[in-house]
Amino acid sequence: MAKPKIAFFDFAGCEGDQLQIANLEERLLDILGHVEVVSFREVVTGHSDDYDVAFVEGSITRPEDEIRLKEIRKNAKVLVALGACAAIGGINCLKNFMAENVYREEVYGGSARWFPTYAARPLKSVVKVDAEVPGCPIDPVEFARITKELLQGRAPWIPDFPVCVECKQAGNVCRYEMGKMCLGIITRAGCKAACVTEGAHCWGCRGLVPGANLDAARIVMDRAGSDRKATQDLLRFFLGDTGAAL
Amino acid sequence: MTTYTVYKEQLPGLFEKWSKLYALHVPARLREGFYDLVPWKKDLEIAWDYDVAYNSAKRFVMPPHEALITYDRRTCEAKPVFDAPKQILFGVHPYDVKALNQLDQIMEAGSPDQNYIRRREATVVMVFEPLTVSSSAFWASVGASSVAHGFDLYWTKIGPAAFTVEVGSVRGEELLGMNGPLLASTAGDKEGARRAKARVLAKARKNALRYNWEETPRLLAKCWDSPLWRRYSQMCLACGSCNLVCPTCYCFDIREESDDQLETGVRSREWDGCMLEGFAKVAGNHNFRPKAQDRYRHRYFRKGKYIYDKIGELGCVGCGRCVRACTAGIANPLKVFNELWEETAHEY
Ligand code: SF4
Ligand code: SF4
Ligand code: SF4
Ligand code: SF4
């Protein structure tokens, strides 16, 4: 059987997720041994349009991105969104809450008028996405597992429960019991509650968990003493493309 | 059973010896107001007056992630994985031992859970009579203030530097005697232990059910359609915290992952919980409990009726952990059962 061909692409983002994958080092060689990589800027040179699986990083922020993404969708049998920017829009969506002239000046300075952009959005707003590797950055271990599941023809699995589950598994003291905020109550797990375990709190980088109870979450944050602005800022950080941020 | 009197100054020597043979866990302060069992090390200050261990003892006998089998796709073979480290849990409160005893009954029933049983057998349990009571605990009113079995030693603090230690097993007695002959407790010491228990019970009874706990299954049987379930569950985040922190909740999910060569792999289990939206989802995406209300009610029925129907005890030992863990402030068996009791009081 011919090895499946895979390719990596990026839109607006930092390529941090591809870097995370490159960081798998020896494990990467083993996993990539089952496939043929036709395009991967972080690891190999060259490019081809003949591929089965496309891993796409970054958000869609310009009309011409749409054309390119639709082209990728047409070529690929399976399209995987890689990282928060691609999967949920992520921090790119912060600009969606700013005046257009302000952020364009900020990014492009005097030549802003040469670079038309529009509201940042995740891939799924433009094309059908078959699987997601969420997170900012992605967890390379999860990437490895999902890739293996795809290779075995299994449905790739990502947790459908909130970060709190993994946080409790880790035995952390809940931030709310310490009088602090945390978005773990509405965020999709899979990171092993990394930020809480490291002593911070969850920022929501893996996106909303399916069925997130946003009304309840707002009340929980209110009761914990977060003012409306602070709650909004926290919700907009990664979740700008969702109803949570409004 | 024999009871010995042991003095505080004997402890460092015993801990030193035990820690060479077992992974030794003792209660310590994590931060202001938070305690947990942590690995013992020399000069660690024992939190004798801890109110509740942040994490329950279940993780020692049923860890959050546990490999069950390894398989090899080339040979079509599978091998069980048994990992059962020798460990001593020093200072576990009686209600948490009650929870372990309950897990024993559940795990041994039907097809015995070999992974659990091996871990439990490798675990030495040393109970400690609490000195303080967590503000959310109510163990004294659900029949969980004492245990008669399921431990190796039962420690009670009877003075600033003295303990009575009741022997629960040969293994426990041997461990206690490792540093030389023991002093049998006098009648006075035993009386001291009885008084210590009475003191903490008086504190623990402040939070109580308004009825005898054995009524709970009958109470619930009348309350399937109570408006309470919807009222509280509107706030539910389906986060499962109430399940995962519970010392008697034992549900798990099964996962499999191949190695990077796609040749061998591991099947493992990890903690799951009935409050999670996907818990009762089956093939074809059918969900037996799709609504928060269904799941919320189910958990109280598990705690107050289904477990009781199986083994004659409540599935709740009143540790109060879920009460603290629920960020939405709705997980509270004591409050829920008492409110249901009020709702139906006219029927009695
Ligand atoms: S710290 Fe955050 S993730 Fe952890 S249990 Fe609390 S709310 Fe959930
Ligand atoms: S804890 Fe939250 S912010 Fe941190 S990695 Fe996990 S999902 Fe992302
Ligand atoms: S239901 Fe709550 S109070 Fe009862 S044993 Fe479980 S965690 Fe403790
Ligand atoms: S801890 Fe509270 S919010 Fe979370 S599942 Fe349990 S009842 Fe719902």
# chains A, B, ... in the order shown; residues from 1 in each chain; ligands from 1

call {"tool": "residues_near_ligand", "arguments": {"ligand": "ligand 1", "cutoff": "8 Å", "atoms": "only C-alpha atoms and all ligand atoms", "output": "JSON, numbers by chain"}}
result
{"A": [162, 163, 164, 165, 166, 167, 168, 172, 173, 174, 175, 176, 177, 181, 182, 183, 184, 185, 193, 196, 201, 202], "B": [239, 241, 325, 327]}

call {"tool": "residues_near_ligand", "arguments": {"ligand": "ligand 4", "cutoff": "8 Å", "atoms": "only C-alpha atoms and all ligand atoms", "output": "list in words"}}
result
Ile185 of chain A; Ser233, Met235, Cys236, Leu237, Ala238, Cys239, Gly240, Ser241, Cys242, Asn243, Met275, Leu276, Ala292, Tyr296, Cys322, Val323, Ala325, Cys326, Thr327, Ala328, Gly329, Ile330 and Ala331 of chain B

call {"tool": "interface_residues", "arguments": {"of": "chain A", "to": "chain B", "cutoff": "6 Å", "atoms": "only C-alpha atoms", "output": "ChimeraX atom specification"}}
result
/A:30-31,162,164,169,213,216,220

call {"tool": "residues_near_ligand", "arguments": {"ligand": "ligand 3", "cutoff": "9 Å", "atoms": "only C-alpha atoms and all ligand atoms", "output": "compact mmCIF listing (two decimals) with C-alpha atoms, in the first residue's frame"}}
result
# COMPACT_ATOMS: atom_id res chain seq x y z
CA SER B 56 -9.30 11.58 48.27
CA TYR B 95 -14.87 8.50 56.37
CA ASP B 96 -12.23 8.07 53.66
CA ALA B 99 -15.10 5.02 51.13
CA SER B 136 -18.63 21.39 54.23
CA ALA B 137 -18.39 17.91 55.75
CA PHE B 138 -21.31 15.96 57.17
CA TRP B 139 -19.86 12.48 57.65
CA CYS B 242 -18.02 16.55 41.85
CA ASN B 243 -17.44 13.03 40.50
CA LEU B 244 -13.69 13.15 40.30
CA VAL B 245 -13.08 14.46 43.81
CA CYS B 246 -15.53 11.97 45.31
CA PRO B 247 -13.84 9.16 47.25
CA THR B 248 -16.56 6.67 46.25
CA CYS B 249 -16.99 7.54 42.55
CA ARG B 299 -25.71 11.55 40.57
CA TYR B 300 -27.91 12.03 43.64
CA LYS B 303 -25.33 8.53 46.01
CA LEU B 314 -25.08 5.47 50.97
CA GLY B 315 -22.72 6.17 48.08
CA CYS B 316 -21.73 9.31 49.97
CA VAL B 317 -19.52 9.36 53.04
CA GLY B 318 -20.08 13.05 53.70
CA CYS B 319 -16.53 14.24 53.13
CA GLY B 320 -17.81 17.48 51.61
CA ARG B 321 -15.25 17.51 48.80
CA CYS B 322 -17.82 17.90 46.02
CA VAL B 323 -19.35 20.82 47.90
CA ARG B 324 -16.03 22.66 47.77
CA ALA B 325 -15.07 21.55 44.27
CA ALA B 331 -23.04 19.98 44.28
CA ASN B 332 -24.13 19.36 47.85
CA PRO B 333 -25.70 16.06 48.90
CA LEU B 334 -26.51 17.34 52.38

call {"tool": "select_by_dssp", "arguments": {"residues": "stretch 15-221 of chain A", "states": "strand (DSSP E or B)", "output": "list in words"}}
result
Glu36, Val37, Val38, Ser39, Val53, Ala54, Phe55, Val56, Glu57, Ser59, Ile60, Val78, Leu79, Val80, Ala81, Leu82, Arg121, Ala131, Glu132, Val133, Gly135, Ile138, Pro162, Thr187, Arg188 and Leu208 of chain A

call {"tool": "residues_around", "arguments": {"residues": "B:Lys79", "least_positions_apart": "6", "cutoff": "12 Å", "atoms": "only C-alpha atoms", "output": "number ranges by chain"}}
result
B: 67-72, 264-267

call {"tool": "write_last_selection", "arguments": {"atoms": "all heavy atoms", "output": "tab-separated table (two decimals), in the first residue's frame"}}
result
chain	number	residue	atom	x	y	z
B	67	ALA	N	-2.57	1.86	33.12
B	67	ALA	CA	-2.47	0.91	32.01
B	67	ALA	C	-3.10	-0.41	32.46
B	67	ALA	O	-2.89	-0.86	33.58
B	67	ALA	CB	-1.01	0.71	31.64
B	68	LEU	N	-3.89	-1.03	31.58
B	68	LEU	CA	-4.53	-2.31	31.91
B	68	LEU	C	-3.92	-3.47	31.13
B	68	LEU	O	-3.68	-4.53	31.69
B	68	LEU	CB	-6.04	-2.25	31.63
B	68	LEU	CG	-6.85	-1.21	32.40
B	68	LEU	CD1	-8.30	-1.26	31.96
B	68	LEU	CD2	-6.74	-1.42	33.90
B	69	ILE	N	-3.73	-3.27	29.84
B	69	ILE	CA	-3.08	-4.32	29.04
B	69	ILE	C	-2.15	-3.70	28.00
B	69	ILE	O	-2.35	-2.55	27.59
B	69	ILE	CB	-4.07	-5.26	28.30
B	69	ILE	CG1	-5.07	-4.46	27.46
B	69	ILE	CG2	-4.80	-6.18	29.21
B	69	ILE	CD1	-6.00	-5.36	26.64
B	70	THR	N	-1.17	-4.48	27.59
B	70	THR	CA	-0.40	-4.10	26.41
B	70	THR	C	-0.73	-5.13	25.34
B	70	THR	O	-1.02	-6.29	25.66
B	70	THR	CB	1.12	-4.15	26.68
B	70	THR	OG1	1.45	-5.46	27.14
B	70	THR	CG2	1.53	-3.14	27.72
B	71	TYR	N	-0.72	-4.70	24.08
B	71	TYR	CA	-1.03	-5.65	23.01
B	71	TYR	C	-0.01	-5.53	21.90
B	71	TYR	O	0.71	-4.54	21.79
B	71	TYR	CB	-2.46	-5.42	22.48
B	71	TYR	CG	-2.71	-4.03	21.95
B	71	TYR	CD1	-2.34	-3.67	20.65
B	71	TYR	CD2	-3.32	-3.07	22.75
B	71	TYR	CE1	-2.57	-2.39	20.17
B	71	TYR	CE2	-3.55	-1.79	22.28
B	71	TYR	CZ	-3.18	-1.45	20.98
B	71	TYR	OH	-3.40	-0.20	20.52
B	72	ASP	N	0.06	-6.60	21.10
B	72	ASP	CA	0.99	-6.62	19.98
B	72	ASP	C	0.21	-7.05	18.75
B	72	ASP	O	-0.30	-8.17	18.69
B	72	ASP	CB	2.13	-7.60	20.29
B	72	ASP	CG	3.26	-7.46	19.29
B	72	ASP	OD1	2.96	-7.22	18.10
B	72	ASP	OD2	4.43	-7.58	19.69
B	264	THR	N	2.68	-2.16	18.50
B	264	THR	CA	2.19	-2.54	19.83
B	264	THR	C	1.36	-1.39	20.37
B	264	THR	O	1.27	-0.34	19.75
B	264	THR	CB	3.36	-2.78	20.79
B	264	THR	OG1	4.05	-1.55	20.98
B	264	THR	CG2	4.33	-3.81	20.25
B	265	GLY	N	0.77	-1.60	21.53
B	265	GLY	CA	-0.02	-0.51	22.09
B	265	GLY	C	-0.43	-0.79	23.52
B	265	GLY	O	-0.16	-1.87	24.06
B	266	VAL	N	-1.05	0.18	24.13
B	266	VAL	CA	-1.48	0.08	25.51
B	266	VAL	C	-2.96	0.42	25.60
B	266	VAL	O	-3.42	1.38	24.98
B	266	VAL	CB	-0.72	1.09	26.41
B	266	VAL	CG1	-1.12	0.91	27.87
B	266	VAL	CG2	0.78	0.92	26.25
B	267	ARG	N	-3.68	-0.40	26.34
B	267	ARG	CA	-5.06	-0.05	26.69
B	267	ARG	C	-5.04	0.41	28.13
B	267	ARG	O	-4.51	-0.27	29.01
B	267	ARG	CB	-5.99	-1.26	26.52
B	267	ARG	CG	-7.41	-0.95	26.97
B	267	ARG	CD	-8.32	-2.14	26.84
B	267	ARG	NE	-8.52	-2.48	25.43
B	267	ARG	CZ	-9.24	-3.53	25.03
B	267	ARG	NH1	-9.82	-4.31	25.92
B	267	ARG	NH2	-9.38	-3.80	23.76

call {"tool": "residues_around", "arguments": {"residues": "B:Gly177", "least_positions_apart": "5", "cutoff": "9 Å", "atoms": "only C-alpha atoms", "output": "VMD selection string"}}
result
chain B and resid 14 172 182

call {"tool": "write_last_selection", "arguments": {"atoms": "all heavy atoms", "output": "compact mmCIF listing (two decimals), in the first residue's frame"}}
result
# COMPACT_ATOMS: atom_id res chain seq x y z
N LEU B 14 10.02 5.51 63.25
CA LEU B 14 9.15 4.58 62.54
C LEU B 14 8.99 5.00 61.07
O LEU B 14 9.10 4.18 60.16
CB LEU B 14 7.77 4.52 63.21
CG LEU B 14 7.69 3.71 64.50
CD1 LEU B 14 6.32 3.88 65.16
CD2 LEU B 14 7.96 2.22 64.25
N GLY B 172 -0.07 -4.50 60.19
CA GLY B 172 -0.03 -3.23 60.91
C GLY B 172 0.75 -3.36 62.20
O GLY B 172 1.59 -2.51 62.54
N LEU B 182 6.32 -2.78 72.28
CA LEU B 182 5.29 -1.76 72.37
C LEU B 182 4.64 -1.76 73.74
O LEU B 182 4.66 -2.75 74.46
CB LEU B 182 4.23 -2.05 71.31
CG LEU B 182 4.74 -1.92 69.86
CD1 LEU B 182 3.81 -2.64 68.90
CD2 LEU B 182 4.90 -0.45 69.48

call {"tool": "select_by_dssp", "arguments": {"residues": "stretch 72-306 of chain B", "states": "helix (DSSP H, G or I)", "output": "PyMOL selection string"}}
result
chain B and resi 94-108+114-121+139-141+170-179+187-204+213-221+228-233+241-244+283-285+292-306

call {"tool": "residues_around", "arguments": {"residues": "A:Arg27", "least_positions_apart": "5", "cutoff": "10 Å", "atoms": "only C-alpha atoms", "output": "list in words"}}
result
Ile21, Ala22, Leu32, Gly33, Pro140, Val141 and Ala144 of chain A; Asp259, Asp260 and Gln261 of chain B

call {"tool": "residues_around", "arguments": {"residues": "A:Glu132", "least_positions_apart": "5", "cutoff": "10 Å", "atoms": "only C-alpha atoms", "output": "PyMOL selection string"}}
result
chain A and resi 55-56+79-84+86-88+143+146+156-158+206

call {"tool": "write_last_selection", "arguments": {"atoms": "all heavy atoms", "output": "compact mmCIF listing (two decimals), in the first residue's frame"}}
result
# COMPACT_ATOMS: atom_id res chain seq x y z
N PHE A 55 -2.46 19.35 6.93
CA PHE A 55 -2.48 19.96 8.26
C PHE A 55 -2.37 21.47 8.05
O PHE A 55 -1.38 21.93 7.46
CB PHE A 55 -1.30 19.47 9.10
CG PHE A 55 -1.43 18.06 9.56
CD1 PHE A 55 -0.83 17.01 8.88
CD2 PHE A 55 -2.19 17.76 10.70
CE1 PHE A 55 -0.96 15.70 9.30
CE2 PHE A 55 -2.32 16.45 11.13
CZ PHE A 55 -1.70 15.41 10.44
N VAL A 56 -3.35 22.20 8.52
CA VAL A 56 -3.37 23.63 8.23
C VAL A 56 -3.32 24.43 9.53
O VAL A 56 -4.14 24.24 10.43
CB VAL A 56 -4.63 24.01 7.42
CG1 VAL A 56 -4.60 25.49 7.05
CG2 VAL A 56 -4.75 23.15 6.18
N LEU A 79 -8.68 17.17 6.01
CA LEU A 79 -8.11 18.47 6.37
C LEU A 79 -8.13 18.61 7.89
O LEU A 79 -9.17 18.47 8.52
CB LEU A 79 -8.89 19.60 5.70
CG LEU A 79 -8.29 21.00 5.80
CD1 LEU A 79 -8.62 21.82 4.56
CD2 LEU A 79 -8.73 21.74 7.04
N VAL A 80 -6.95 18.82 8.45
CA VAL A 80 -6.84 18.90 9.90
C VAL A 80 -6.43 20.33 10.30
O VAL A 80 -5.43 20.85 9.79
CB VAL A 80 -5.77 17.92 10.43
CG1 VAL A 80 -5.75 17.92 11.95
CG2 VAL A 80 -6.00 16.51 9.90
N ALA A 81 -7.21 20.93 11.19
CA ALA A 81 -6.86 22.26 11.70
C ALA A 81 -5.83 22.09 12.82
O ALA A 81 -6.05 21.33 13.76
CB ALA A 81 -8.10 22.98 12.22
N LEU A 82 -4.74 22.80 12.69
CA LEU A 82 -3.63 22.62 13.62
C LEU A 82 -3.48 23.87 14.49
O LEU A 82 -3.11 24.93 13.99
CB LEU A 82 -2.36 22.42 12.77
CG LEU A 82 -1.19 21.68 13.37
CD1 LEU A 82 -1.60 20.31 13.84
CD2 LEU A 82 -0.08 21.57 12.32
N GLY A 83 -3.81 23.73 15.76
CA GLY A 83 -3.60 24.85 16.68
C GLY A 83 -4.80 25.78 16.79
O GLY A 83 -5.74 25.72 16.00
N ALA A 84 -4.76 26.62 17.82
CA ALA A 84 -5.89 27.48 18.16
C ALA A 84 -6.28 28.41 17.02
O ALA A 84 -7.46 28.58 16.72
CB ALA A 84 -5.57 28.30 19.41
N ALA A 86 -6.10 28.12 13.81
CA ALA A 86 -6.81 27.42 12.75
C ALA A 86 -8.13 26.84 13.25
O ALA A 86 -9.14 26.89 12.58
CB ALA A 86 -5.93 26.30 12.21
N ALA A 87 -8.11 26.31 14.47
CA ALA A 87 -9.28 25.58 14.97
C ALA A 87 -10.37 26.51 15.48
O ALA A 87 -11.56 26.28 15.24
CB ALA A 87 -8.86 24.62 16.06
N ILE A 88 -9.99 27.57 16.19
CA ILE A 88 -11.01 28.42 16.81
C ILE A 88 -10.81 29.91 16.53
O ILE A 88 -11.52 30.75 17.06
CB ILE A 88 -11.06 28.20 18.34
CG1 ILE A 88 -9.69 28.50 18.98
CG2 ILE A 88 -11.52 26.78 18.67
CD1 ILE A 88 -9.74 28.70 20.49
N PHE A 143 -0.80 15.66 19.08
CA PHE A 143 -0.63 15.63 17.62
C PHE A 143 -0.22 14.23 17.17
O PHE A 143 -0.76 13.67 16.23
CB PHE A 143 0.41 16.66 17.18
CG PHE A 143 0.86 16.46 15.75
CD1 PHE A 143 0.10 16.93 14.70
CD2 PHE A 143 2.03 15.74 15.47
CE1 PHE A 143 0.50 16.72 13.38
CE2 PHE A 143 2.43 15.52 14.16
CZ PHE A 143 1.65 16.01 13.11
N ILE A 146 -3.20 11.80 17.46
CA ILE A 146 -4.23 12.04 16.46
C ILE A 146 -3.74 11.59 15.08
O ILE A 146 -4.49 10.96 14.31
CB ILE A 146 -4.65 13.53 16.46
CG1 ILE A 146 -5.46 13.81 17.73
CG2 ILE A 146 -5.45 13.89 15.20
CD1 ILE A 146 -5.79 15.26 17.97
N PRO A 156 -10.34 10.38 14.78
CA PRO A 156 -9.45 11.03 15.75
C PRO A 156 -10.25 11.56 16.93
O PRO A 156 -11.32 12.12 16.76
CB PRO A 156 -8.83 12.19 14.96
CG PRO A 156 -9.51 12.25 13.66
CD PRO A 156 -10.42 11.08 13.50
N TRP A 157 -9.71 11.33 18.12
CA TRP A 157 -10.45 11.68 19.34
C TRP A 157 -9.83 12.90 20.02
O TRP A 157 -8.61 12.97 20.18
CB TRP A 157 -10.40 10.49 20.31
CG TRP A 157 -11.13 10.75 21.59
CD1 TRP A 157 -12.50 10.68 21.77
CD2 TRP A 157 -10.57 11.14 22.85
NE1 TRP A 157 -12.80 11.00 23.08
CE2 TRP A 157 -11.64 11.29 23.76
CE3 TRP A 157 -9.27 11.37 23.30
CZ2 TRP A 157 -11.45 11.66 25.09
CZ3 TRP A 157 -9.09 11.75 24.63
CH2 TRP A 157 -10.16 11.88 25.51
N ILE A 158 -10.66 13.86 20.34
CA ILE A 158 -10.23 14.90 21.29
C ILE A 158 -11.27 14.95 22.39
O ILE A 158 -12.45 14.65 22.16
CB ILE A 158 -10.02 16.29 20.64
CG1 ILE A 158 -11.23 16.70 19.80
CG2 ILE A 158 -8.75 16.34 19.81
CD1 ILE A 158 -11.14 18.13 19.29
N ARG A 206 -7.88 26.01 24.10
CA ARG A 206 -8.33 24.86 23.32
C ARG A 206 -9.77 25.02 22.84
O ARG A 206 -10.34 24.10 22.27
CB ARG A 206 -8.13 23.56 24.10
CG ARG A 206 -6.65 23.23 24.29
CD ARG A 206 -6.42 22.02 25.14
NE ARG A 206 -7.12 20.86 24.65
CZ ARG A 206 -6.60 19.98 23.78
NH1 ARG A 206 -5.38 20.14 23.33
NH2 ARG A 206 -7.31 18.96 23.38

call {"tool": "residues_around", "arguments": {"residues": "A:Ala155", "least_positions_apart": "5", "cutoff": "10 Å", "atoms": "only C-alpha atoms", "output": "count of residues only"}}
result
5

call {"tool": "closest_residue", "arguments": {"among": "A:Ala244, A:Ala7, A:Ile138, A:Met178", "to": "ligand 2", "atoms": "only C-alpha atoms and all ligand atoms"}}
result
A:Ile138

call {"tool": "closest_residue", "arguments": {"among": "A:Leu94, A:Ile219, A:Cys191, A:Val38", "to": "ligand 2", "atoms": "only C-alpha atoms and all ligand atoms"}}
result
A:Cys191
